[in-house]
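S.K.: upload13.txt is the file, holding compact mmCIF, C-alpha atoms:
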# COMPACT_ATOMS: atom_id res chain seq x y z
CA MET E 1 137.16 265.31 176.35
CA THR E 2 135.09 262.86 178.35
CA GLU E 3 136.90 259.54 178.67
CA ILE E 4 134.94 256.29 178.64
CA TYR E 5 136.74 253.25 180.00
CA PHE E 6 135.11 249.99 178.94
CA ASP E 7 138.17 247.78 179.55
CA CYS E 8 137.70 246.66 183.15
CA ALA E 9 138.34 243.00 182.33
CA SER E 10 141.92 244.10 181.63
CA THR E 11 142.33 246.10 184.81
CA THR E 12 140.39 248.45 187.07
CA ARG E 13 141.08 251.74 188.79
CA PRO E 14 142.31 251.06 192.35
CA GLU E 15 139.90 252.01 195.09
CA ARG E 16 141.05 254.93 197.23
CA GLU E 17 140.68 252.88 200.41
CA VAL E 18 142.88 250.16 198.90
CA LEU E 19 145.59 252.71 198.14
CA ASP E 20 145.29 254.11 201.66
CA VAL E 21 145.79 250.65 203.15
CA PHE E 22 148.80 249.99 200.95
CA GLN E 23 150.40 253.32 201.80
CA ARG E 24 149.76 253.06 205.53
CA VAL E 25 151.17 249.56 205.85
CA SER E 26 154.13 250.43 203.61
CA LEU E 27 155.08 253.43 205.75
CA GLU E 28 154.20 252.20 209.24
CA ASP E 29 154.65 248.43 209.15
CA TYR E 30 157.49 248.00 206.69
CA ALA E 31 159.42 245.37 208.65
CA ASN E 32 159.94 241.88 207.24
CA ALA E 33 157.11 239.69 208.50
CA ALA E 34 159.60 236.86 209.00
CA SER E 35 161.74 238.91 211.41
CA THR E 36 161.44 237.91 215.07
CA HIS E 37 161.63 241.39 216.59
CA ALA E 38 158.59 243.43 217.63
CA MET E 39 158.22 245.26 214.31
CA GLY E 40 158.47 242.01 212.40
CA ASN E 41 155.86 240.45 214.64
CA ARG E 42 153.56 243.40 214.02
CA ALA E 43 153.91 242.99 210.26
CA ASP E 44 153.27 239.26 210.60
CA ARG E 45 150.08 239.92 212.56
CA LEU E 46 148.87 242.21 209.76
CA LEU E 47 149.70 239.56 207.18
CA GLU E 48 147.76 236.88 209.04
CA LYS E 49 144.85 239.24 209.64
CA ALA E 50 144.65 239.85 205.88
CA ARG E 51 144.83 236.10 205.26
CA SER E 52 142.02 235.45 207.74
CA GLN E 53 139.87 238.14 206.14
CA VAL E 54 140.28 236.65 202.67
CA ALA E 55 139.59 233.16 204.01
CA SER E 56 136.41 234.28 205.75
CA TYR E 57 134.79 235.46 202.50
CA PHE E 58 135.21 231.95 201.06
CA SER E 59 134.39 230.08 204.29
CA LEU E 60 137.92 228.68 204.36
CA SER E 61 140.56 228.40 207.04
CA PRO E 62 143.49 230.85 206.84
CA GLN E 63 145.83 227.94 206.01
CA GLU E 64 143.92 227.49 202.75
CA VAL E 65 144.89 230.96 201.43
CA ILE E 66 148.20 231.38 199.60
CA PHE E 67 149.01 234.96 198.66
CA THR E 68 150.48 235.32 195.15
CA SER E 69 151.34 238.08 192.70
CA GLY E 70 148.15 237.37 190.77
CA ALA E 71 146.23 234.67 188.91
CA THR E 72 149.06 233.93 186.48
CA GLU E 73 151.37 232.86 189.28
CA GLY E 74 148.52 231.10 191.04
CA ASN E 75 147.61 229.12 187.93
CA ASN E 76 151.22 228.10 187.38
CA LEU E 77 151.59 226.96 190.98
CA ALA E 78 148.28 225.09 191.01
CA ILE E 79 148.75 223.29 187.68
CA LYS E 80 152.42 222.40 188.01
CA GLY E 81 152.06 221.79 191.74
CA VAL E 82 149.34 219.17 191.31
CA ALA E 83 150.76 217.65 188.12
CA TYR E 84 154.22 217.11 189.56
CA HIS E 85 152.96 215.89 192.92
CA CYS E 86 150.68 213.30 191.28
CA ARG E 87 152.82 212.33 188.30
CA SER E 88 153.52 208.82 189.65
CA TRP E 89 149.89 207.89 188.92
CA GLY E 90 148.22 210.83 187.18
CA ARG E 91 149.83 212.00 183.96
CA LYS E 92 146.53 212.94 182.32
CA LEU E 93 145.11 216.46 182.62
CA ILE E 94 141.91 218.11 181.35
CA THR E 95 141.13 221.73 180.56
CA THR E 96 139.08 223.78 178.08
CA LYS E 97 139.99 225.51 174.83
CA ALA E 98 138.72 228.78 176.31
CA GLU E 99 141.23 229.15 179.14
CA HIS E 100 143.48 232.12 179.74
CA PRO E 101 147.07 231.85 178.39
CA SER E 102 148.36 231.47 181.97
CA VAL E 103 146.52 228.14 182.02
CA LEU E 104 146.82 226.93 178.42
CA ASN E 105 150.52 227.68 178.10
CA VAL E 106 151.31 225.76 181.27
CA PHE E 107 149.47 222.71 179.97
CA ARG E 108 151.34 222.96 176.66
CA GLU E 109 154.63 222.93 178.53
CA LEU E 110 153.52 219.88 180.51
CA GLU E 111 152.66 218.13 177.25
CA LYS E 112 156.33 218.53 176.26
CA GLU E 113 157.20 216.71 179.48
CA GLY E 114 155.05 213.73 178.58
CA PHE E 115 151.74 214.62 180.20
CA GLN E 116 148.56 213.95 178.22
CA VAL E 117 146.18 216.93 178.04
CA VAL E 118 142.55 216.81 176.91
CA TYR E 119 141.12 220.13 175.68
CA LEU E 120 137.34 220.40 176.00
CA ASP E 121 135.13 222.15 173.42
CA TYR E 122 132.31 224.63 174.02
CA GLY E 123 129.63 226.20 171.87
CA LYS E 124 128.61 229.70 170.82
CA ASP E 125 126.22 229.71 173.78
CA GLY E 126 129.14 229.20 176.13
CA ARG E 127 128.06 225.69 177.13
CA LEU E 128 130.91 223.36 177.93
CA ASN E 129 130.88 219.84 176.48
CA MET E 130 130.09 217.94 179.67
CA GLU E 131 129.79 214.61 177.82
CA ALA E 132 133.39 214.94 176.64
CA LEU E 133 134.45 215.76 180.20
CA GLU E 134 132.77 212.63 181.54
CA SER E 135 134.23 210.37 178.88
CA SER E 136 137.75 211.79 179.41
CA LEU E 137 137.85 211.17 183.16
CA ASP E 138 139.62 208.05 184.40
CA GLU E 139 141.97 206.90 187.15
CA HIS E 140 144.94 208.64 185.51
CA VAL E 141 143.49 212.19 185.63
CA SER E 142 145.00 214.29 188.42
CA LEU E 143 143.73 217.78 187.55
CA VAL E 144 140.87 219.45 185.67
CA ALA E 145 141.06 223.21 185.02
CA VAL E 146 137.90 225.12 184.05
CA MET E 147 137.58 228.90 184.31
CA ALA E 148 134.51 230.38 186.00
CA VAL E 149 133.98 233.27 183.55
CA ASN E 150 135.72 233.68 180.22
CA ASN E 151 137.72 236.89 179.94
CA GLU E 152 136.88 237.56 176.26
CA THR E 153 133.23 236.58 175.87
CA GLY E 154 131.90 236.48 179.43
CA TYR E 155 130.83 232.84 179.10
CA VAL E 156 129.90 231.50 182.54
CA PHE E 157 130.97 227.87 182.88
CA ASP E 158 129.02 225.69 185.31
CA THR E 159 131.79 224.87 187.78
CA LYS E 160 129.32 223.23 190.18
CA LYS E 161 128.35 220.67 187.56
CA VAL E 162 131.99 220.21 186.54
CA TYR E 163 132.98 219.69 190.17
CA ASP E 164 130.30 217.05 190.70
CA ILE E 165 131.30 215.16 187.55
CA VAL E 166 135.02 215.32 188.33
CA HIS E 167 134.59 214.04 191.87
CA ALA E 168 132.11 211.34 190.88
CA LYS E 169 134.27 209.96 188.07
CA SER E 170 137.86 210.41 189.28
CA ARG E 171 140.18 211.40 192.11
CA ALA E 172 141.23 214.53 190.23
CA LYS E 173 141.08 218.02 191.69
CA LEU E 174 139.33 220.98 190.05
CA LEU E 175 141.18 224.25 189.48
CA VAL E 176 138.97 227.26 188.76
CA ASP E 177 140.48 230.46 187.40
CA ALA E 178 137.97 232.89 188.89
CA THR E 179 139.73 236.07 187.84
CA GLN E 180 136.68 237.41 185.95
CA ALA E 181 134.17 236.02 188.45
CA ILE E 182 135.34 237.39 191.80
CA GLY E 183 133.47 240.59 192.56
CA LYS E 184 131.09 239.93 189.65
CA GLU E 185 129.39 236.58 190.28
CA SER E 186 128.12 235.05 193.51
CA LEU E 187 130.82 233.10 195.36
CA SER E 188 128.22 230.44 196.14
CA ASP E 189 127.97 229.65 192.41
CA ILE E 190 131.62 228.57 192.18
CA ALA E 191 132.76 225.07 193.16
CA TYR E 192 136.48 224.26 193.31
CA ASP E 193 139.39 222.51 194.97
CA LEU E 194 141.78 225.26 193.89
CA LEU E 195 140.82 228.80 192.90
CA THR E 196 142.85 231.76 191.63
CA PHE E 197 142.16 235.47 191.24
CA SER E 198 143.96 238.82 190.87
CA GLY E 199 143.51 241.97 192.90
CA HIS E 200 143.74 244.47 190.05
CA LYS E 201 140.53 243.16 188.47
CA ILE E 202 138.49 244.17 191.54
CA GLY E 203 139.79 247.62 192.41
CA GLY E 204 142.98 246.28 193.97
CA LEU E 205 146.62 246.65 193.01
CA LYS E 206 148.63 244.97 190.29
CA GLY E 207 150.92 242.37 191.78
CA SER E 208 148.40 241.10 194.31
CA GLY E 209 146.36 237.92 194.19
CA ALA E 210 145.65 234.60 195.84
CA LEU E 211 145.50 230.86 195.30
CA LEU E 212 142.88 229.17 197.44
CA ARG E 213 143.84 225.57 198.18
CA ARG E 214 141.56 223.25 200.08
CA LYS E 215 143.31 221.27 202.79
CA ASP E 216 143.16 217.92 200.99
CA VAL E 217 145.01 219.25 197.92
CA GLN E 218 148.72 218.48 197.79
CA LEU E 219 151.09 220.65 195.75
CA ASP E 220 154.77 220.61 194.90
CA ALA E 221 156.19 224.07 195.53
CA GLN E 222 157.44 225.94 192.45
CA ILE E 223 159.34 228.80 194.12
CA LEU E 224 161.89 227.57 196.65
CA GLY E 225 163.56 229.67 199.30
CA GLY E 226 162.72 230.67 202.84
CA GLY E 227 159.47 228.74 203.02
CA GLN E 228 156.97 231.60 203.19
CA GLU E 229 153.28 230.99 202.41
CA PHE E 230 153.36 227.53 204.03
CA GLY E 231 156.33 226.62 201.85
CA TYR E 232 154.39 227.03 198.62
CA ARG E 233 155.55 230.51 197.66
CA SER E 234 158.90 231.49 199.10
CA GLY E 235 160.03 235.09 199.15
CA THR E 236 159.64 238.04 201.49
CA ALA E 237 155.94 238.58 202.04
CA PRO E 238 154.66 241.81 200.41
CA VAL E 239 152.50 242.65 203.42
CA PRO E 240 151.18 245.97 202.03
CA LEU E 241 149.98 244.22 198.84
CA ASP E 242 148.40 241.35 200.77
CA CYS E 243 146.57 243.75 203.07
CA SER E 244 145.42 245.78 200.08
CA LEU E 245 144.03 242.60 198.49
CA ALA E 246 141.92 241.89 201.57
CA ALA E 247 140.58 245.45 201.43
CA ALA E 248 139.81 245.23 197.70
CA LEU E 249 137.97 241.94 198.14
CA ARG E 250 135.91 243.34 201.00
CA LEU E 251 134.88 246.39 198.99
CA ALA E 252 134.14 244.39 195.82
CA LEU E 253 131.91 241.88 197.59
CA ARG E 254 130.09 244.54 199.57
CA SER E 255 129.26 246.57 196.46
CA LEU E 256 128.45 243.58 194.22
CA PRO E 257 124.62 243.77 194.27
CA GLU E 258 124.58 247.44 193.28
CA ARG E 259 127.35 247.10 190.69
CA ARG E 260 125.83 243.99 189.14
CA ALA E 261 122.47 245.75 188.73
CA LYS E 262 124.15 248.68 186.97
CA ALA E 263 126.20 246.36 184.77
CA LYS E 264 123.06 244.46 183.74
CA ALA E 265 121.29 247.70 182.82
CA LEU E 266 124.25 248.96 180.79
CA ASN E 267 124.80 245.59 179.13
CA SER E 268 121.14 245.41 178.08
CA TYR E 269 121.21 248.99 176.78
CA LEU E 270 124.36 248.37 174.73
CA ARG E 271 123.13 245.00 173.49
CA ASP E 272 119.97 246.66 172.20
CA GLY E 273 121.91 249.47 170.52
CA LEU E 274 124.51 247.21 168.94
CA SER E 275 121.86 244.86 167.57
CA LYS E 276 120.57 247.74 165.45
CA ILE E 277 123.91 248.11 163.63
CA ASP E 278 123.84 245.88 160.55
CA GLU E 279 127.48 244.90 160.54
CA VAL E 280 127.63 244.01 164.24
CA LEU E 281 127.42 240.39 165.38
CA LEU E 282 126.90 239.95 169.12
CA LEU E 283 129.17 237.23 170.51
CA SER E 284 128.36 237.23 174.22
CA ASP E 285 125.42 234.96 174.94
CA GLU E 286 122.57 236.49 176.96
CA ASN E 287 123.52 234.14 179.80
CA ALA E 288 127.05 235.55 179.92
CA THR E 289 128.17 237.71 182.81
CA PRO E 290 126.73 241.25 182.50
CA PHE E 291 130.21 242.65 183.09
CA ILE E 292 131.46 241.59 179.62
CA LEU E 293 129.87 242.21 176.22
CA SER E 294 131.72 241.12 173.09
CA PHE E 295 130.75 241.73 169.48
CA ALA E 296 132.38 241.42 166.08
CA LEU E 297 132.38 243.58 162.95
CA ARG E 298 131.42 241.75 159.78
CA GLU E 299 132.99 244.28 157.39
CA HIS E 300 135.75 246.21 159.13
CA LYS E 301 138.82 245.46 161.21
CA GLY E 302 138.15 245.48 164.94
CA SER E 303 141.66 246.80 165.62
CA ILE E 304 141.11 249.84 163.38
CA VAL E 305 137.76 250.62 165.00
CA ALA E 306 139.20 250.20 168.50
CA GLU E 307 142.06 252.56 167.65
CA ALA E 308 139.64 255.14 166.23
CA LEU E 309 137.54 254.90 169.39
CA SER E 310 140.66 255.33 171.51
CA ASN E 311 141.47 258.54 169.64
CA ARG E 312 138.05 259.78 170.82
CA GLY E 313 138.76 258.84 174.44
CA ILE E 314 136.70 255.63 174.33
CA TYR E 315 138.75 252.67 175.51
CA VAL E 316 137.85 249.08 174.60
CA SER E 317 139.88 245.97 173.78
CA THR E 318 140.09 243.63 170.83
CA LYS E 319 141.42 240.57 172.68
CA SER E 320 142.52 239.51 176.14
CA ALA E 321 144.96 242.15 177.42
CA CYS E 322 147.55 239.38 177.91
CA SER E 323 147.66 238.78 174.15
CA SER E 324 146.13 241.94 172.64
CA ARG E 325 149.45 243.24 171.31
CA GLU E 326 149.86 240.09 169.25
CA GLU E 327 148.33 240.24 165.79
CA GLY E 328 145.95 237.46 164.94
CA VAL E 329 142.74 235.66 165.70
CA SER E 330 141.00 235.29 169.06
CA TYR E 331 141.29 231.58 169.78
CA VAL E 332 138.45 231.83 172.30
CA ILE E 333 136.00 233.05 169.66
CA GLN E 334 137.30 230.81 166.89
CA ASN E 335 137.10 227.73 169.14
CA ALA E 336 133.44 228.59 169.79
CA GLY E 337 132.77 227.90 166.12
CA TYR E 338 133.00 231.35 164.52
CA PRO E 339 134.87 231.90 161.22
CA GLU E 340 138.31 233.48 161.24
CA ARG E 341 137.08 236.88 160.01
CA ILE E 342 134.74 237.18 162.98
CA ALA E 343 137.36 235.94 165.43
CA ARG E 344 139.83 238.46 164.03
CA ASN E 345 137.51 241.48 164.31
CA ALA E 346 136.00 241.10 167.74
CA ILE E 347 135.73 243.94 170.24
CA ARG E 348 135.23 243.46 173.96
CA LEU E 349 133.45 245.88 176.26
CA SER E 350 133.93 245.21 179.96
CA PHE E 351 132.60 247.03 182.97
CA SER E 352 133.16 247.55 186.69
CA GLY E 353 129.49 248.16 187.42
CA LYS E 354 130.05 251.82 188.19
CA GLU E 355 129.36 253.07 184.67
CA ASP E 356 126.07 254.72 183.73
CA LEU E 357 123.81 254.65 180.67
CA GLU E 358 125.08 258.02 179.47
CA GLU E 359 128.48 256.44 178.93
CA GLY E 360 126.74 253.72 176.96
CA ARG E 361 124.98 256.33 174.82
CA LEU E 362 128.25 258.14 174.13
CA PHE E 363 129.91 254.85 173.18
CA LEU E 364 127.18 253.95 170.69
CA GLU E 365 127.29 257.47 169.27
CA GLY E 366 131.07 257.32 168.92
CA LEU E 367 130.99 253.85 167.36
CA GLY E 368 128.40 254.98 164.82
CA GLN E 369 130.48 258.00 163.85
CA VAL E 370 133.65 255.90 163.52
CA LEU E 371 131.91 253.35 161.29
CA ASP E 372 130.39 256.11 159.14
CA ARG E 373 133.81 257.70 158.64
CA ILE E 374 135.47 254.38 157.77
CA ARG E 375 132.73 253.55 155.26
CA LYS E 376 133.23 256.91 153.54
CA GLU E 377 136.97 256.34 153.35
CA ASP E 378 136.36 252.90 151.85
Kindly present the structure from the file in C-alpha cells form.
M.R.:
Amino acid sequence: MTEIYFDCASTTRPEREVLDVFQRVSLEDYANAASTHAMGNRADRLLEKARSQVASYFSLSPQEVIFTSGATEGNNLAIKGVAYHCRSWGRKLITTKAEHPSVLNVFRELEKEGFQVVYLDYGKDGRLNMEALESSLDEHVSLVAVMAVNNETGYVFDTKKVYDIVHAKSRAKLLVDATQAIGKESLSDIAYDLLTFSGHKIGGLKGSGALLRRKDVQLDAQILGGGQEFGYRSGTAPVPLDCSLAAALRLALRSLPERRAKAKALNSYLRDGLSKIDEVLLLSDENATPFILSFALREHKGSIVAEALSNRGIYVSTKSACSSREEGVSYVIQNAGYPERIARNAIRLSFSGKEDLEEGRLFLEGLGQVLDRIRKED
C-alpha cells in the first residue's frame, strides 16, 4: 500500500544528514560542554559553531540565539520572560485569537496573575485586525505576540506591519512564533524582536528548537540552574540536538525555492480538485502559505473521514496536532467567523514541498471513494 503523508505541519521526516550529525556528535563528542577538560572544550566549540550557524541565517549575533527544546519552550520563555521582567510598568499584553496553545495558554495563566490580555480578531481571509492592534497599544503594553503562519489554516500574518505599528505606538516587543514559517516563507518577510521555531517541522529532530532574542530584549529566566544558554535556559546543553538543528535549518533554507514551487503546484492542484466536490468548503485563503491547505466537510464528520483515509494509508489531520486528540471545535476556524459545524469538521493537508502531483491525485481519489462509501452507509 502506498502511503501518503499530508501532515507535515505536525512533524516531518528527519533528513538523513541531520540524523548523521546527531549520531556523530553523540558518539564522538559526548562530553559535557560545560566541562573544562579538552573533550568538554571540544563539545563547547561544536555548540558555539552551531549557534553561530543559526545566527548567520538570521543576520544575528551568536549571543542572540538561545537553544531550546522547541517552540513551546521558547514561547513560554519569551512570554513569561518579558512579562515578568516588565511587570513594574507593563501589565498589558496583546496577542491574536489564532495563536498556538503554547502561546494562548501562557497568556491565560498570566491573566490569572493579574495581567490584562487583549486578543485580536482576524477574518476568513486571514487578515489581522490592525485597527484593533493600534487602538490597544499604550504605555502599559510590554509584549505583543503574533504568529507568522497559522498552523491550521496557513494564514500568513503581516509581521512587518505589526512590527512597525507596535514600535511606533509603544515600547512593547514583538514575539513571532515562526514554527510554520521557517523553511517555508522567506526570512526577510518576518519582522520580530523575539522569534521561536522547532526543528522537527523542518526535517530536524523532536526536542530541538531555538528562541531568537534581539540584544535589546530583556527576559527573566524561567529555568534556573547552572546558567547555560546565557543564563536563560539552564541545564546540560544537548549538543547533538543543537548541532542537528543547525544542519536542519541549513538544508531547509537551501531547498526552499524548489520545495515552495512544488508545494504551490500541489496546493493549486488539490484546491482545484477539492472545489469540485459539492460538500467541501475551502478554508485556506489563496494568500495562505502553499504548505497548508485546509477544508471543511459540510455534511460529514471530519474525524470520521480522516480515520477512513488513514485506514487507506493517507494521513491528514483534523486539528493542530497539539490538540487533535481532544474532541471539539477548532477555535482557529471558529474565531475566523465560521459556524461550529464547519469548525468541527475541518481537515488540514500540510506538505513538506517534496510531494508530487501523483500523491495529490491519489488523495483526491481516496477522498472521493471514502465520501461515496459514507454516503451509501447513510
S.K.: For CA of Lys319 in chain E and CA of Lys97 in chain E, determine how far apart the two atoms are, in Å to one decimal place.
M.R.: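 Between CA of Lys319 in chain E and CA of Lys97 in chain E the gap works out to 15.3 Å.
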S.K.: Counting only C-alpha atoms, give me one row per residue of range 242-334 of chain E with an atom at most 12 Å from an atom of range 187-210 of chain E, showing the shortest contact pair and its distance in Å to one decimal, sorted by chain then residue number, as a Markdown table.
M.R.:
| residue | atom | partner | partner_atom | distance |
| --- | --- | --- | --- | --- |
| E:Asp242 | CA | E:Ser208 | CA | 6.5 |
| E:Cys243 | CA | E:Ser208 | CA | 9.3 |
| E:Ser244 | CA | E:Gly204 | CA | 6.6 |
| E:Leu245 | CA | E:Gly199 | CA | 5.6 |
| E:Ala246 | CA | E:Gly199 | CA | 8.8 |
| E:Ala247 | CA | E:Gly204 | CA | 7.9 |
| E:Ala248 | CA | E:Gly204 | CA | 5.0 |
| E:Leu249 | CA | E:Ile202 | CA | 7.0 |
| E:Arg250 | CA | E:Ile202 | CA | 9.8 |
| E:Leu251 | CA | E:Gly203 | CA | 8.3 |
| E:Ala252 | CA | E:Ile202 | CA | 6.1 |
| E:Leu253 | CA | E:Leu187 | CA | 9.1 |
| E:Arg254 | CA | E:Ile202 | CA | 11.6 |
| E:Ser255 | CA | E:Ile202 | CA | 10.7 |
| E:Leu256 | CA | E:Ile202 | CA | 10.4 |
| E:Arg259 | CA | E:Ile202 | CA | 11.6 |
| E:Phe291 | CA | E:Lys201 | CA | 11.6 |
| E:Ala321 | CA | E:Lys201 | CA | 11.9 |
S.K.: Nearest to Arg341 in chain E: which of E:Phe107, E:Gln116, E:Glu355, E:Glu299 is it, counting all atoms listed in the file?
M.R.: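 The shortest atom-to-atom distance to Arg341 in chain E comes from E:Glu299.
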S.K.: CA of Asn41 in chain E and CA of Asp29 in chain E are how many Å apart?
M.R.: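 CA of Asn41 in chain E sits 9.8 Å away from CA of Asp29 in chain E.
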S.K.: What is the CA of Ile165 in chain E to CA of Glu99 in chain E distance in Å?
M.R.: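 CA of Ile165 in chain E sits 19.1 Å away from CA of Glu99 in chain E.
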S.K.: With all atoms listed in the file as the basis for distance, which of E:Ile333, E:Tyr122, E:Lys92, E:Ala237 is at the shortest distance from Arg171 in chain E?
M.R.: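 Looking at the shortest contact to Arg171 in chain E, the residue is E:Lys92.
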S.K.: Of the residues E:Tyr315, E:Phe157, E:Phe363, E:Phe115, which is the one nearest to Ser88 in chain E, using all atoms listed in the file?
M.R.: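 That would be E:Phe115, the residue with the smallest distance to Ser88 in chain E.
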S.K.: Just checking: using all atoms listed in the file, which residue out of E:Val370, E:Ile304, E:Leu212, E:Ala288 ends up closest to Ser59 in chain E?
M.R.: E:Leu212
S.K.: Could you give me, as JSON, numbers by chain, the residues within 12 Å of Leu128 in chain E, counting all atoms listed in the file and dropping anything in the same chain fewer than 2 positions from it?
M.R.: {"E": [95, 96, 97, 98, 99, 119, 120, 121, 122, 123, 124, 125, 126, 130, 131, 132, 133, 134, 146, 147, 148, 149, 150, 155, 156, 157, 158, 159, 161, 162, 335, 336]}
S.K.: Tell me which of E:Leu281, E:Ile66, E:Ala145, E:Leu47 sits closest to Gly302 in chain E, counting all atoms listed in the file.
M.R.: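 The closest residue to Gly302 in chain E is E:Leu281.
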S.K.: Around (122.0, 246.8, 179.8) in the file's own coordinates, what residues are found within 12 Å if you use all atoms listed in the file, given back as JSON, numbers by chain?
M.R.: {"E": [260, 261, 262, 263, 264, 265, 266, 267, 268, 269, 270, 271, 272, 273, 274, 286, 289, 290, 291, 292, 293, 351, 353, 355, 356, 357, 358, 359, 360, 361]}
S.K.: With all atoms listed in the file as the basis for distance, which of E:Ala181, E:Leu362, E:Val25, E:Leu371 is at the shortest distance from Ala306 in chain E?
M.R.: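 Distance minimum relative to Ala306 in chain E lands on E:Leu371.
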S.K.: Since fewer atoms than expected are present, regenerate all heavy atoms for range 360-367 of chain E and write them as a short mmCIF file (atom, residue, chain, number, x, y, z; two decimals), keeping the file's coordinate frame.
M.R.:
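To be explicit, this is the file written out as part.cif:
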data_model
loop_
_atom_site.label_atom_id
_atom_site.label_comp_id
_atom_site.auth_asym_id
_atom_site.auth_seq_id
_atom_site.Cartn_x
_atom_site.Cartn_y
_atom_site.Cartn_z
N GLY E 360 127.16 254.64 178.01
CA GLY E 360 126.74 253.72 176.96
C GLY E 360 126.25 254.46 175.73
O GLY E 360 126.56 254.09 174.59
N ARG E 361 125.49 255.54 175.95
CA ARG E 361 124.98 256.33 174.82
C ARG E 361 126.13 256.96 174.05
O ARG E 361 126.16 256.95 172.81
CB ARG E 361 124.04 257.43 175.33
CG ARG E 361 123.35 258.21 174.21
CD ARG E 361 122.63 259.44 174.74
NE ARG E 361 123.57 260.46 175.22
CZ ARG E 361 124.25 261.29 174.41
NH1 ARG E 361 124.11 261.20 173.10
NH2 ARG E 361 125.05 262.19 174.93
N LEU E 362 127.11 257.50 174.78
CA LEU E 362 128.25 258.14 174.13
C LEU E 362 129.09 257.11 173.36
O LEU E 362 129.63 257.41 172.29
CB LEU E 362 129.11 258.86 175.17
CG LEU E 362 128.47 260.09 175.81
CD1 LEU E 362 129.33 260.61 176.95
CD2 LEU E 362 128.25 261.19 174.75
N PHE E 363 129.19 255.90 173.90
CA PHE E 363 129.91 254.85 173.18
C PHE E 363 129.22 254.52 171.86
O PHE E 363 129.87 254.45 170.81
CB PHE E 363 130.03 253.58 174.03
CG PHE E 363 130.45 252.39 173.23
CD1 PHE E 363 131.77 252.22 172.87
CD2 PHE E 363 129.52 251.46 172.77
CE1 PHE E 363 132.18 251.14 172.07
CE2 PHE E 363 129.90 250.38 171.98
CZ PHE E 363 131.23 250.22 171.63
N LEU E 364 127.92 254.29 171.91
CA LEU E 364 127.18 253.95 170.69
C LEU E 364 127.26 255.09 169.67
O LEU E 364 127.40 254.85 168.46
CB LEU E 364 125.73 253.64 171.02
CG LEU E 364 125.48 252.34 171.80
CD1 LEU E 364 124.03 252.24 172.23
CD2 LEU E 364 125.87 251.13 170.94
N GLU E 365 127.19 256.31 170.16
CA GLU E 365 127.29 257.47 169.27
C GLU E 365 128.67 257.50 168.62
O GLU E 365 128.81 257.71 167.41
CB GLU E 365 127.04 258.75 170.06
CG GLU E 365 127.12 260.02 169.25
CD GLU E 365 126.90 261.25 170.12
OE1 GLU E 365 127.90 261.77 170.68
OE2 GLU E 365 125.73 261.66 170.27
N GLY E 366 129.70 257.31 169.44
CA GLY E 366 131.07 257.32 168.92
C GLY E 366 131.32 256.18 167.95
O GLY E 366 131.96 256.37 166.91
N LEU E 367 130.82 254.99 168.26
CA LEU E 367 130.99 253.85 167.36
C LEU E 367 130.32 254.12 166.02
O LEU E 367 130.89 253.85 164.95
CB LEU E 367 130.41 252.59 168.00
CG LEU E 367 130.44 251.32 167.12
CD1 LEU E 367 131.87 250.93 166.79
CD2 LEU E 367 129.70 250.18 167.82
#
